[in-house]
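Colleague: Take this structure, written in structure tokens, and hold onto it; I'll ask about it next.
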Amino acid sequence: MAKQKKKNRRKRRFYKRKRLWIFLLLCMSAGVVGLREANERLQPYKEQAAQIDISTIDDVEIPSLIMDHKGREIGRMFVENRSKVSIEKVPQKLIDALIAQEDQRFFKHDGVDQIGVARAIWLNLKAGAVTQGASTITMQLARNAFDLKSKVKARGQTGIERKIVEAFLALRIERHLMDSIAADYPDEGESKARMKRMVLEYYLNRIPFGHGYYGVRSGALGYFGKEPMDLTIEECASLVACVKNPTQISPLANRAKNRKARDHVLNRMLAEEMITESEWMELSSKPVVVNPKPLRKGKSHLYEIVDDIALEKVGIEAMSRGGFRIYTTIDRDAQNRAERSLQAHLARIEARSEYGHPKHSEFKAAPGKVPAYLQSAALMIDSDTGNVLAYVGGRDYAHSQYDFIELGRRPFGTTYLPVVYAAALESGHHPCTTIRDEAMDARAVAVGAQEGILGEWGMEVLNPQYEGRISSKRALAASKLAATVRLGRGLSLEEVADQARAFGLPVGKGELLTRMLLGYDSVSLKEAVRAYSAISRKGVLPGDLRYIERIEDADGEVVYQAEPAEKSDTDPACDEITAYQIHDMLRESLQNGNLATEASTLRQQPFTGAVKTGTTHKFADGWCVGYNGKVTLGVWVGFHQGKEAIYENAFGRQLVFRPWSEVMNVAEDSYPGTEIEPPEGLSPVKVCSESGLRATRYCYESVEDPVKGRSFRYTGHTELLRAARRKLGLCDIHGKGGIGTNEVLERYGPLAVESGDQQLLPVAPIVPQTNGLVGEDPYNSELVNLEDANGELSIFVRGPSLLLETEILGDGDDEVPLHRPRKIEIKTD
């Protein structure tokens, strides 16, 4: 008993000790002082977090505006490859993987995990270095949503100070979200669960997963070609593994590192009992298999190009902040008209009864599926600067991101013909040089039919007619194929190939074949537009195409300014005389060639430029390329794959000319056509359109009119020829019996050319046969000597002559009646 009393007395003395109470009081006082001190020290960080507008937590990026060259908005650009999804479309296994790796107590804390913070402090002190971060998912969301790293760096704060701001901001975020849904979810447990899922949705739609993919859907498609809900468990783990270090752990950048990080995630899921041990063993043994099918940024091929250039010039980090104004070379009016005209015209083609291919309205998108419906592309540039004014890379960007301007190559068809004629002019020919327009064996070209007669699809009419001997100008204006082949083979295929290369057009590898002359080889629309632009620029190709003029940041400061357009440093495609003569020959197609009917739809009359439609031998592609002296426009219609005819006899002028003319008409407002002046070194020469030689006063052709009857039209016209090559022979078709033939030319020299304005005569022209009347001369008339002192023929007669050539009207025609002479009276002296 004495011992028990003594023990109890000792216990009472322990609790009654004053020193203990003093110590506890001091500790409590120190704690209060410490908390007050900590609160005072933490107050600036709390205020810093309070200044952030958390209502913008779901605003993932500020767009950059794309402007046309007149300062009008034409689109918006987002740098981050992202597509937001609701949390309901994210599989639970991916959420489990994220929780297991990043924040095991996510559903228990209020934004900051105090236990996790204490554990991190202890482990860091124990290790003597920072090995644990203790950032919750909500803290990471705060860091990414409000760019805290940049803000803290701007303030000169440390990483620990940033963590403190993140913590206060995370607490605010969860309280803000709880308050926003409290009315809809009165139960506190349900409200908190809903709030946590909102945090996960914001987080998964925002964070980077590497390789330029932002958000869970972009990452799932970019790495595995699947929607998030279709991911397997190991793919979910691979995707979540990227969160720690998106650049280094990306499965596209380093598959081995990704697998190691993936297995760590699977280990954490096993530890948290989210998967079984058998599942862990099976999943850990699988390799990382990627199947990238990434989202495409932008909504058109043009935006893709502008996006790529802007990122290159400014940098992805700067562009990701958004707020830039990107001033392009595009003209909004021309761009909109090109898009609308092509859409409407392709719909009209698909509505034709003879069109038997898939239609745009019938297409059902599927991964990797290439649209089989009719496609199109259009490119307009400023001929002098190379600035791109309109760019339509395909029919429907949502269905196919294939850019037919940048990547597409299709047979050029009869749009290639000017190259052949340019080669001929460069080698010494004239626009008036004649060619035989006659049937040709198809085997000589091996294009189209394998036997029989070579088709004349270039004329783009159902019943083409051969015209015999025609000028080169007529042959190009009417797209005469047999005549063009004869011209090209008369030069050499190598000469034509060199000319094509000079125009920037590709030439097929291997042996040159005759089919090259008819545009058998494939070209891109960009190459076609640059080549035709050279014709309007005195034979000089434009420089590289330009898309962006300048870029301004959110404060209006210019962060990129394009260099002024420079002249091309390449050799001219041809000399300026050849370029002008080709231009003049192409213009003939709008007057008397295959586009004479369609020319009336052009707003500018007469049209100062030139245009050429093109048809391929299989009728699978249609081209139209031309210029107005200021801008050059090219349009193509065809299929992505295959060489089947769009429909039977699908000529280029039907497939392409209408949208081409509609876009060119709109461009007339801002880029009015200018006349292309002839260069020095050209001289006017009167040429007979039938013979291609110098016209004489006898160059008339018979014209039959059902009302007026038979008349005769003058066939001479003025042609601009090189002064150094202007010497031509005289017409060898008109003026039979020696006048105008080569023999007379050699004997008598050039004949005087008819200079009167009369082009159509009611009677046959009178052609001299000798220097006096034929037959008896009752008048004893004085003979006129037509030869000069040197014995050369010198005709200066103007108006009708009394000397006849009966061959013009035929030997059976009546003689010319003469009045009976008056009776002669003889006076005698």
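Chain labels A, B, ... are given in the sequence in which chains occur in the structure tokens; within each chain residues are numbered consecutively from 1, and ligands are likewise numbered from 1 in the order shown.
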Please extract the residues of segment 297-365 of chain A with a backbone DSSP assignment of strand (DSSP E) and present them as a list in words.
Modeller: Arg325, Ile326, Tyr327 and Thr328 of chain A
Colleague: Just the selected residues (all heavy atoms), exported as a PDB file, in the first residue's frame, please.
Modeller:
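Once everything was written out, this is part_9.pdb:
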ATOM      1  N   ARG A 325      -1.286  38.857 -84.994  1.00  0.00           N
ATOM      2  CA  ARG A 325      -1.969  39.180 -86.246  1.00  0.00           C
ATOM      3  C   ARG A 325      -1.017  38.847 -87.390  1.00  0.00           C
ATOM      4  O   ARG A 325       0.067  39.427 -87.483  1.00  0.00           O
ATOM      5  CB  ARG A 325      -2.386  40.643 -86.309  1.00  0.00           C
ATOM      6  CG  ARG A 325      -3.555  40.982 -85.405  1.00  0.00           C
ATOM      7  CD  ARG A 325      -3.901  42.460 -85.463  1.00  0.00           C
ATOM      8  NE  ARG A 325      -5.085  42.740 -84.670  1.00  0.00           N
ATOM      9  CZ  ARG A 325      -6.315  42.842 -85.161  1.00  0.00           C
ATOM     10  NH1 ARG A 325      -6.504  42.691 -86.469  1.00  0.00           N
ATOM     11  NH2 ARG A 325      -7.349  43.093 -84.384  1.00  0.00           N
ATOM     12  N   ILE A 326      -1.446  37.912 -88.210  1.00  0.00           N
ATOM     13  CA  ILE A 326      -0.604  37.428 -89.298  1.00  0.00           C
ATOM     14  C   ILE A 326      -1.145  38.003 -90.605  1.00  0.00           C
ATOM     15  O   ILE A 326      -2.221  37.607 -91.071  1.00  0.00           O
ATOM     16  CB  ILE A 326      -0.602  35.896 -89.342  1.00  0.00           C
ATOM     17  CG1 ILE A 326      -0.176  35.332 -87.985  1.00  0.00           C
ATOM     18  CG2 ILE A 326       0.312  35.385 -90.440  1.00  0.00           C
ATOM     19  CD1 ILE A 326      -0.445  33.854 -87.833  1.00  0.00           C
ATOM     20  N   TYR A 327      -0.430  38.951 -91.159  1.00  0.00           N
ATOM     21  CA  TYR A 327      -0.862  39.610 -92.398  1.00  0.00           C
ATOM     22  C   TYR A 327      -0.315  38.824 -93.591  1.00  0.00           C
ATOM     23  O   TYR A 327       0.892  38.764 -93.808  1.00  0.00           O
ATOM     24  CB  TYR A 327      -0.383  41.061 -92.426  1.00  0.00           C
ATOM     25  CG  TYR A 327      -1.104  41.933 -91.422  1.00  0.00           C
ATOM     26  CD1 TYR A 327      -0.630  42.047 -90.105  1.00  0.00           C
ATOM     27  CD2 TYR A 327      -2.263  42.610 -91.758  1.00  0.00           C
ATOM     28  CE1 TYR A 327      -1.293  42.831 -89.176  1.00  0.00           C
ATOM     29  CE2 TYR A 327      -2.937  43.395 -90.839  1.00  0.00           C
ATOM     30  CZ  TYR A 327      -2.444  43.502 -89.552  1.00  0.00           C
ATOM     31  OH  TYR A 327      -3.109  44.277 -88.627  1.00  0.00           O
ATOM     32  N   THR A 328      -1.231  38.230 -94.332  1.00  0.00           N
ATOM     33  CA  THR A 328      -0.845  37.382 -95.462  1.00  0.00           C
ATOM     34  C   THR A 328      -0.914  38.170 -96.770  1.00  0.00           C
ATOM     35  O   THR A 328      -1.350  39.326 -96.807  1.00  0.00           O
ATOM     36  CB  THR A 328      -1.784  36.162 -95.557  1.00  0.00           C
ATOM     37  OG1 THR A 328      -3.087  36.607 -95.937  1.00  0.00           O
ATOM     38  CG2 THR A 328      -1.861  35.430 -94.232  1.00  0.00           C
TER      39      THR A 328
END
Colleague: Considering only C-alpha atoms, return as a list in words whatever protein or nucleic-acid residues lie within 9 Å of Met269 of chain A, sequence-local ones (same chain, fewer than 6 positions apart) excluded.
Modeller: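 Listing them by chain and then by number gives Asp96, Ala97, Ile99, Ala100, Gln101, Ile275, Thr276 and Trp280 of chain A.
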Colleague: Which residues come within 10 Å of Glu549 of chain A, counting only C-alpha atoms, excluding same-chain residues fewer than 5 positions away, as JSON, numbers by chain?
Modeller: {"A": [68, 69, 326, 327, 328, 329, 330, 387, 560, 561, 562, 563, 564]}
Colleague: Output all heavy atoms for every residue in the selection just made, as a CSV table (one decimal), in the first residue's frame.
Modeller:
chain,number,residue,atom,x,y,z
A,68,ASP,N,-6.0,39.2,-94.5
A,68,ASP,CA,-5.6,39.3,-95.8
A,68,ASP,C,-4.7,40.5,-96.0
A,68,ASP,O,-4.4,41.3,-95.1
A,68,ASP,CB,-6.8,39.3,-96.8
A,68,ASP,CG,-7.4,40.6,-96.9
A,68,ASP,OD1,-7.2,41.5,-96.1
A,68,ASP,OD2,-8.2,40.8,-97.9
A,69,HIS,N,-4.2,40.7,-97.2
A,69,HIS,CA,-3.2,41.8,-97.4
A,69,HIS,C,-3.8,43.2,-97.3
A,69,HIS,O,-3.1,44.2,-97.2
A,69,HIS,CB,-2.5,41.7,-98.7
A,69,HIS,CG,-3.3,42.1,-99.9
A,69,HIS,ND1,-3.1,43.2,-100.6
A,69,HIS,CD2,-4.3,41.5,-100.5
A,69,HIS,CE1,-4.0,43.3,-101.6
A,69,HIS,NE2,-4.7,42.3,-101.5
A,326,ILE,N,-1.4,37.9,-88.2
A,326,ILE,CA,-0.6,37.4,-89.3
A,326,ILE,C,-1.1,38.0,-90.6
A,326,ILE,O,-2.2,37.6,-91.1
A,326,ILE,CB,-0.6,35.9,-89.3
A,326,ILE,CG1,-0.2,35.3,-88.0
A,326,ILE,CG2,0.3,35.4,-90.4
A,326,ILE,CD1,-0.4,33.9,-87.8
A,327,TYR,N,-0.4,39.0,-91.2
A,327,TYR,CA,-0.9,39.6,-92.4
A,327,TYR,C,-0.3,38.8,-93.6
A,327,TYR,O,0.9,38.8,-93.8
A,327,TYR,CB,-0.4,41.1,-92.4
A,327,TYR,CG,-1.1,41.9,-91.4
A,327,TYR,CD1,-0.6,42.0,-90.1
A,327,TYR,CD2,-2.3,42.6,-91.8
A,327,TYR,CE1,-1.3,42.8,-89.2
A,327,TYR,CE2,-2.9,43.4,-90.8
A,327,TYR,CZ,-2.4,43.5,-89.6
A,327,TYR,OH,-3.1,44.3,-88.6
A,328,THR,N,-1.2,38.2,-94.3
A,328,THR,CA,-0.8,37.4,-95.5
A,328,THR,C,-0.9,38.2,-96.8
A,328,THR,O,-1.3,39.3,-96.8
A,328,THR,CB,-1.8,36.2,-95.6
A,328,THR,OG1,-3.1,36.6,-95.9
A,328,THR,CG2,-1.9,35.4,-94.2
A,329,THR,N,-0.5,37.5,-97.8
A,329,THR,CA,-0.6,38.1,-99.2
A,329,THR,C,-2.0,37.8,-99.8
A,329,THR,O,-2.2,38.3,-100.9
A,329,THR,CB,0.5,37.5,-100.1
A,329,THR,OG1,0.3,36.1,-100.2
A,329,THR,CG2,1.9,37.8,-99.5
A,330,ILE,N,-2.8,37.1,-99.1
A,330,ILE,CA,-4.1,36.6,-99.7
A,330,ILE,C,-5.0,37.8,-99.9
A,330,ILE,O,-5.1,38.7,-99.1
A,330,ILE,CB,-4.7,35.6,-98.8
A,330,ILE,CG1,-3.8,34.3,-98.7
A,330,ILE,CG2,-6.1,35.2,-99.3
A,330,ILE,CD1,-3.7,33.6,-100.0
A,387,ASN,N,3.4,36.9,-104.9
A,387,ASN,CA,2.5,36.9,-103.8
A,387,ASN,C,1.3,36.0,-104.1
A,387,ASN,O,0.7,36.2,-105.2
A,387,ASN,CB,2.1,38.3,-103.4
A,387,ASN,CG,3.2,39.1,-102.7
A,387,ASN,OD1,4.2,38.6,-102.4
A,387,ASN,ND2,2.9,40.4,-102.5
A,560,TYR,N,7.9,40.0,-87.3
A,560,TYR,CA,8.5,39.4,-88.5
A,560,TYR,C,8.0,40.2,-89.7
A,560,TYR,O,6.9,40.6,-89.8
A,560,TYR,CB,8.0,37.9,-88.7
A,560,TYR,CG,8.3,37.4,-90.1
A,560,TYR,CD1,9.6,37.1,-90.4
A,560,TYR,CD2,7.3,37.3,-91.1
A,560,TYR,CE1,9.9,36.7,-91.7
A,560,TYR,CE2,7.6,36.9,-92.3
A,560,TYR,CZ,8.9,36.5,-92.7
A,560,TYR,OH,9.2,36.1,-93.9
A,561,GLN,N,9.0,40.6,-90.5
A,561,GLN,CA,8.7,41.3,-91.7
A,561,GLN,C,9.3,40.6,-92.9
A,561,GLN,O,10.6,40.4,-92.9
A,561,GLN,CB,9.2,42.8,-91.6
A,561,GLN,CG,9.0,43.6,-92.8
A,561,GLN,CD,7.6,44.0,-93.0
A,561,GLN,OE1,6.9,44.6,-92.1
A,561,GLN,NE2,7.0,43.7,-94.2
A,562,ALA,N,8.5,40.2,-93.9
A,562,ALA,CA,9.1,39.5,-95.0
A,562,ALA,C,10.0,40.5,-95.8
A,562,ALA,O,9.7,41.7,-95.9
A,562,ALA,CB,8.0,39.0,-95.9
A,563,GLU,N,11.0,39.9,-96.4
A,563,GLU,CA,11.9,40.7,-97.3
A,563,GLU,C,11.1,41.1,-98.6
A,563,GLU,O,10.2,40.4,-99.0
A,563,GLU,CB,13.1,39.9,-97.7
A,563,GLU,CG,14.0,39.5,-96.5
A,563,GLU,CD,14.7,40.7,-95.9
A,563,GLU,OE1,14.9,41.7,-96.7
A,563,GLU,OE2,15.0,40.7,-94.7
A,564,PRO,N,11.5,42.3,-99.1
A,564,PRO,CA,10.8,42.6,-100.4
A,564,PRO,C,11.0,41.6,-101.5
A,564,PRO,O,12.0,40.9,-101.5
A,564,PRO,CB,11.5,44.0,-100.8
A,564,PRO,CG,12.1,44.5,-99.5
A,564,PRO,CD,12.4,43.2,-98.7
Colleague: Taking 2 positions as the minimum chain separation for residues in the same chain, which residues sit within 9 Å of Lys293 of chain A when counting only C-alpha atoms? Answer as a VMD selection string.
Modeller: chain A and resid 220 to 226 291 295 367 to 368
Colleague: Keeping all heavy atoms for every residue in the selection just given, could you write it to a file as an mmCIF file, in the first residue's frame?
Modeller:
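For reference, selection29.cif as written:
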data_model
loop_
_atom_site.group_PDB
_atom_site.id
_atom_site.type_symbol
_atom_site.label_atom_id
_atom_site.label_comp_id
_atom_site.auth_asym_id
_atom_site.auth_seq_id
_atom_site.Cartn_x
_atom_site.Cartn_y
_atom_site.Cartn_z
ATOM 1 N N ALA A 220 -4.047 10.641 -77.970
ATOM 2 C CA ALA A 220 -4.509 9.289 -78.308
ATOM 3 C C ALA A 220 -4.481 9.059 -79.820
ATOM 4 O O ALA A 220 -4.034 8.009 -80.296
ATOM 5 C CB ALA A 220 -5.920 9.071 -77.766
ATOM 6 N N LEU A 221 -4.937 10.054 -80.578
ATOM 7 C CA LEU A 221 -4.921 9.923 -82.035
ATOM 8 C C LEU A 221 -3.510 10.035 -82.589
ATOM 9 O O LEU A 221 -3.135 9.328 -83.525
ATOM 10 C CB LEU A 221 -5.820 10.998 -82.656
ATOM 11 C CG LEU A 221 -7.325 10.839 -82.431
ATOM 12 C CD1 LEU A 221 -8.063 12.103 -82.866
ATOM 13 C CD2 LEU A 221 -7.856 9.641 -83.193
ATOM 14 N N GLY A 222 -2.721 10.922 -82.002
ATOM 15 C CA GLY A 222 -1.375 11.150 -82.509
ATOM 16 C C GLY A 222 -0.442 9.971 -82.317
ATOM 17 O O GLY A 222 0.413 9.705 -83.161
ATOM 18 N N TYR A 223 -0.606 9.242 -81.219
ATOM 19 C CA TYR A 223 0.280 8.112 -80.946
ATOM 20 C C TYR A 223 -0.318 6.760 -81.369
ATOM 21 O O TYR A 223 0.391 5.902 -81.884
ATOM 22 C CB TYR A 223 0.610 8.060 -79.455
ATOM 23 C CG TYR A 223 1.471 9.198 -78.976
ATOM 24 C CD1 TYR A 223 1.192 9.874 -77.800
ATOM 25 C CD2 TYR A 223 2.580 9.603 -79.726
ATOM 26 C CE1 TYR A 223 1.989 10.917 -77.354
ATOM 27 C CE2 TYR A 223 3.381 10.661 -79.289
ATOM 28 C CZ TYR A 223 3.080 11.315 -78.104
ATOM 29 O OH TYR A 223 3.864 12.352 -77.683
ATOM 30 N N PHE A 224 -1.605 6.604 -81.145
ATOM 31 C CA PHE A 224 -2.197 5.276 -81.341
ATOM 32 C C PHE A 224 -3.314 5.253 -82.394
ATOM 33 O O PHE A 224 -3.864 4.192 -82.665
ATOM 34 C CB PHE A 224 -2.729 4.745 -80.011
ATOM 35 C CG PHE A 224 -1.694 4.741 -78.916
ATOM 36 C CD1 PHE A 224 -1.772 5.624 -77.854
ATOM 37 C CD2 PHE A 224 -0.612 3.872 -78.985
ATOM 38 C CE1 PHE A 224 -0.809 5.632 -76.854
ATOM 39 C CE2 PHE A 224 0.359 3.875 -77.989
ATOM 40 C CZ PHE A 224 0.263 4.760 -76.920
ATOM 41 N N GLY A 225 -3.653 6.412 -82.958
ATOM 42 C CA GLY A 225 -4.676 6.447 -83.999
ATOM 43 C C GLY A 225 -6.039 6.044 -83.502
ATOM 44 O O GLY A 225 -6.850 5.508 -84.262
ATOM 45 N N LYS A 226 -6.331 6.292 -82.216
ATOM 46 C CA LYS A 226 -7.602 5.874 -81.618
ATOM 47 C C LYS A 226 -8.225 7.020 -80.845
ATOM 48 O O LYS A 226 -7.527 7.914 -80.353
ATOM 49 C CB LYS A 226 -7.387 4.700 -80.649
ATOM 50 C CG LYS A 226 -6.848 3.424 -81.267
ATOM 51 C CD LYS A 226 -6.674 2.361 -80.194
ATOM 52 C CE LYS A 226 -6.137 1.054 -80.769
ATOM 53 N NZ LYS A 226 -5.969 0.031 -79.698
ATOM 54 N N ASN A 291 0.589 3.931 -83.827
ATOM 55 C CA ASN A 291 -0.114 3.996 -85.113
ATOM 56 C C ASN A 291 -0.621 5.429 -85.291
ATOM 57 O O ASN A 291 -1.816 5.703 -85.192
ATOM 58 C CB ASN A 291 -1.275 3.002 -85.150
ATOM 59 C CG ASN A 291 -1.995 3.015 -86.481
ATOM 60 O OD1 ASN A 291 -1.402 3.300 -87.519
ATOM 61 N ND2 ASN A 291 -3.287 2.735 -86.464
ATOM 62 N N LEU A 295 -4.535 14.622 -85.383
ATOM 63 C CA LEU A 295 -5.456 15.659 -85.822
ATOM 64 C C LEU A 295 -4.692 16.650 -86.678
ATOM 65 O O LEU A 295 -3.491 16.869 -86.501
ATOM 66 C CB LEU A 295 -6.035 16.401 -84.613
ATOM 67 C CG LEU A 295 -7.017 15.641 -83.720
ATOM 68 C CD1 LEU A 295 -7.230 16.422 -82.435
ATOM 69 C CD2 LEU A 295 -8.336 15.455 -84.455
ATOM 70 N N PRO A 367 -11.212 6.508 -91.029
ATOM 71 C CA PRO A 367 -9.758 6.645 -90.921
ATOM 72 C C PRO A 367 -9.036 6.033 -92.113
ATOM 73 O O PRO A 367 -9.279 4.890 -92.491
ATOM 74 C CB PRO A 367 -9.431 5.887 -89.628
ATOM 75 C CG PRO A 367 -10.699 5.947 -88.836
ATOM 76 C CD PRO A 367 -11.802 5.879 -89.840
ATOM 77 N N GLY A 368 -8.167 6.833 -92.726
ATOM 78 C CA GLY A 368 -7.364 6.360 -93.852
ATOM 79 C C GLY A 368 -8.098 6.278 -95.167
ATOM 80 O O GLY A 368 -7.507 5.893 -96.178
#
Colleague: Leaving out Ala482 of chain A and any residue of its chain fewer than 5 positions from it, which residues lie within 9 Å of it when counting only C-alpha atoms, given as a VMD selection string?
Modeller: chain A and resid 436 to 440 454 to 456 487
Colleague: Would you write out those residues with C-alpha atoms, as a PDB file, in the first residue's frame?
Modeller:
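See again.pdb below for the written result:
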ATOM      1  CA  ARG A 436       0.494  20.406-142.037  1.00  0.00           C
ATOM      2  CA  ASP A 437      -2.767  19.865-140.187  1.00  0.00           C
ATOM      3  CA  GLU A 438      -3.588  16.410-141.473  1.00  0.00           C
ATOM      4  CA  ALA A 439      -4.444  13.044-139.997  1.00  0.00           C
ATOM      5  CA  MET A 440      -1.614  11.221-138.231  1.00  0.00           C
ATOM      6  CA  LEU A 454      -4.501  10.266-133.621  1.00  0.00           C
ATOM      7  CA  GLY A 455      -7.423  11.996-131.910  1.00  0.00           C
ATOM      8  CA  GLU A 456      -7.781  15.775-131.877  1.00  0.00           C
ATOM      9  CA  LEU A 487       6.295  20.809-135.358  1.00  0.00           C
TER      10      LEU A 487
END
Colleague: With only C-alpha atoms as the counted atoms, please give the residues lying no more than 8 Å from Phe168 of chain A, apart from itself and same-chain residues fewer than 6 positions off, as a ChimeraX atom specification.
Modeller: /A:45-46,49
Colleague: Using the selection just defined, write its residues with C-alpha atoms as a PDB file, in the first residue's frame.
Modeller:
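Heads up, here's the output in again.pdb:
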ATOM      1  CA  TYR A  45       1.712  34.612 -52.386  1.00  0.00           C
ATOM      2  CA  LYS A  46      -1.899  34.288 -51.365  1.00  0.00           C
ATOM      3  CA  ALA A  49      -2.953  33.817 -56.396  1.00  0.00           C
TER       4      ALA A  49
END
Colleague: Given only C-alpha atoms, how would the per-residue table for segment 443-531 of chain A near segment 644-665 of chain A read, listing every residue at most 8 Å away with its closest atom pair and distance in Å to one decimal, sorted by chain and number, as a Markdown table?
Modeller:
| residue | atom | partner | partner_atom | distance |
| --- | --- | --- | --- | --- |
| A:Trp457 | CA | A:Phe651 | CA | 7.6 |
| A:Glu460 | CA | A:Phe651 | CA | 5.4 |
| A:Val461 | CA | A:Phe651 | CA | 7.9 |
| A:Leu462 | CA | A:Asn649 | CA | 7.7 |
Colleague: Find the residues near Arg474 of chain A: any atom within 12 Å, counting only C-alpha atoms, skip ones fewer than 6 places away on the same chain, and give them as a compact mmCIF listing (two decimals) with N, CA and C atoms, in the first residue's frame.
Modeller:
# COMPACT_ATOMS: atom_id res chain seq x y z
N TYR A 421 5.70 25.38 -128.90
CA TYR A 421 5.77 26.52 -129.82
C TYR A 421 6.83 27.52 -129.37
N HIS A 430 8.62 31.30 -136.96
CA HIS A 430 7.75 32.46 -136.80
C HIS A 430 6.37 31.99 -136.36
N PRO A 431 5.55 32.88 -135.81
CA PRO A 431 4.15 32.51 -135.57
C PRO A 431 3.42 32.16 -136.85
N CYS A 432 3.91 32.68 -137.98
CA CYS A 432 3.25 32.40 -139.25
C CYS A 432 3.83 31.18 -139.96
N THR A 433 4.83 30.55 -139.37
CA THR A 433 5.38 29.33 -139.98
C THR A 433 4.28 28.29 -140.10
N THR A 434 4.13 27.73 -141.28
CA THR A 434 3.01 26.82 -141.51
C THR A 434 3.37 25.38 -141.16
N ILE A 435 2.32 24.64 -140.81
CA ILE A 435 2.44 23.22 -140.44
C ILE A 435 1.31 22.49 -141.14
N ARG A 436 1.54 21.22 -141.43
CA ARG A 436 0.49 20.41 -142.04
C ARG A 436 -0.47 19.92 -140.95
N ASP A 437 -1.71 20.33 -141.08
CA ASP A 437 -2.77 19.86 -140.19
C ASP A 437 -3.53 18.77 -140.90
N MET A 459 -8.72 20.32 -129.62
CA MET A 459 -9.62 21.34 -130.11
C MET A 459 -10.86 21.47 -129.23
N TYR A 466 -9.75 18.84 -139.97
CA TYR A 466 -8.39 19.17 -140.40
C TYR A 466 -8.46 20.33 -141.38
N GLU A 467 -7.47 21.21 -141.33
CA GLU A 467 -7.48 22.43 -142.14
C GLU A 467 -6.35 22.49 -143.15
N GLY A 468 -5.62 21.40 -143.29
CA GLY A 468 -4.53 21.40 -144.27
C GLY A 468 -3.34 22.20 -143.78
N LYS A 480 -4.18 22.21 -132.13
CA LYS A 480 -4.09 21.14 -133.13
C LYS A 480 -2.99 20.17 -132.71
N LEU A 481 -3.36 18.92 -132.49
CA LEU A 481 -2.40 17.95 -131.94
C LEU A 481 -1.47 17.39 -133.01
N ALA A 483 -0.66 18.62 -135.87
CA ALA A 483 0.22 19.69 -136.32
C ALA A 483 1.31 19.97 -135.30
N THR A 484 0.94 19.96 -134.01
CA THR A 484 1.94 20.21 -132.95
C THR A 484 2.99 19.12 -132.91
N ILE A 582 4.29 34.19 -128.03
CA ILE A 582 3.43 33.14 -127.45
C ILE A 582 2.18 33.77 -126.86
N ASP A 584 0.73 36.50 -127.83
CA ASP A 584 -0.13 36.91 -128.94
C ASP A 584 -0.82 35.69 -129.58
N MET A 585 -0.11 34.58 -129.67
CA MET A 585 -0.70 33.37 -130.24
C MET A 585 -1.80 32.82 -129.33
N LEU A 586 -1.59 32.87 -128.01
CA LEU A 586 -2.60 32.38 -127.07
C LEU A 586 -3.85 33.25 -127.09
N ARG A 587 -3.68 34.54 -127.28
CA ARG A 587 -4.85 35.43 -127.33
C ARG A 587 -5.77 35.07 -128.49
N GLU A 588 -5.19 34.49 -129.53
CA GLU A 588 -5.99 34.11 -130.69
C GLU A 588 -7.05 33.08 -130.32
N SER A 589 -6.78 32.27 -129.26
CA SER A 589 -7.76 31.24 -128.89
C SER A 589 -9.06 31.86 -128.38
N LEU A 590 -8.99 33.09 -127.84
CA LEU A 590 -10.19 33.77 -127.37
C LEU A 590 -10.95 34.44 -128.51
N GLN A 591 -10.30 34.59 -129.66
CA GLN A 591 -10.93 35.27 -130.78
C GLN A 591 -11.40 34.28 -131.84
N ASN A 592 -10.51 33.39 -132.25
CA ASN A 592 -10.86 32.45 -133.31
C ASN A 592 -10.51 31.01 -132.97
N GLY A 593 -10.15 30.76 -131.69
CA GLY A 593 -9.74 29.42 -131.30
C GLY A 593 -10.81 28.68 -130.53
N ASN A 594 -10.36 27.76 -129.67
CA ASN A 594 -11.31 26.88 -128.97
C ASN A 594 -12.05 27.58 -127.85
N SER A 689 -2.58 34.65 -144.29
CA SER A 689 -2.95 33.69 -143.27
C SER A 689 -2.99 32.26 -143.78
N GLU A 690 -3.06 32.08 -145.09
CA GLU A 690 -3.12 30.73 -145.65
C GLU A 690 -1.75 30.15 -145.94
N SER A 691 -0.88 30.97 -146.44
CA SER A 691 0.44 30.46 -146.82
C SER A 691 1.50 30.69 -145.75
N GLY A 692 1.26 31.68 -144.86
CA GLY A 692 2.25 32.02 -143.86
C GLY A 692 3.41 32.81 -144.43
Colleague: In segment 73-220 of chain A, what's helix (DSSP H, G or I) per DSSP? Answer as a PyMOL selection string?
Modeller: chain A and resi 87-89+92-102+114-127+137-145+148-155+159-181+188-206+216-220
Colleague: Which value, in Å to one decimal, gives the distance between atom CA of Thr597 of chain A and atom CA of Arg352 of chain A?
Modeller: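 So the answer is 21.0 Å.
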Colleague: For atom CA of Ser376 of chain A and atom CA of Gly638 of chain A, quote the distance in Å rounded to one decimal.
Modeller: 6.3 Å
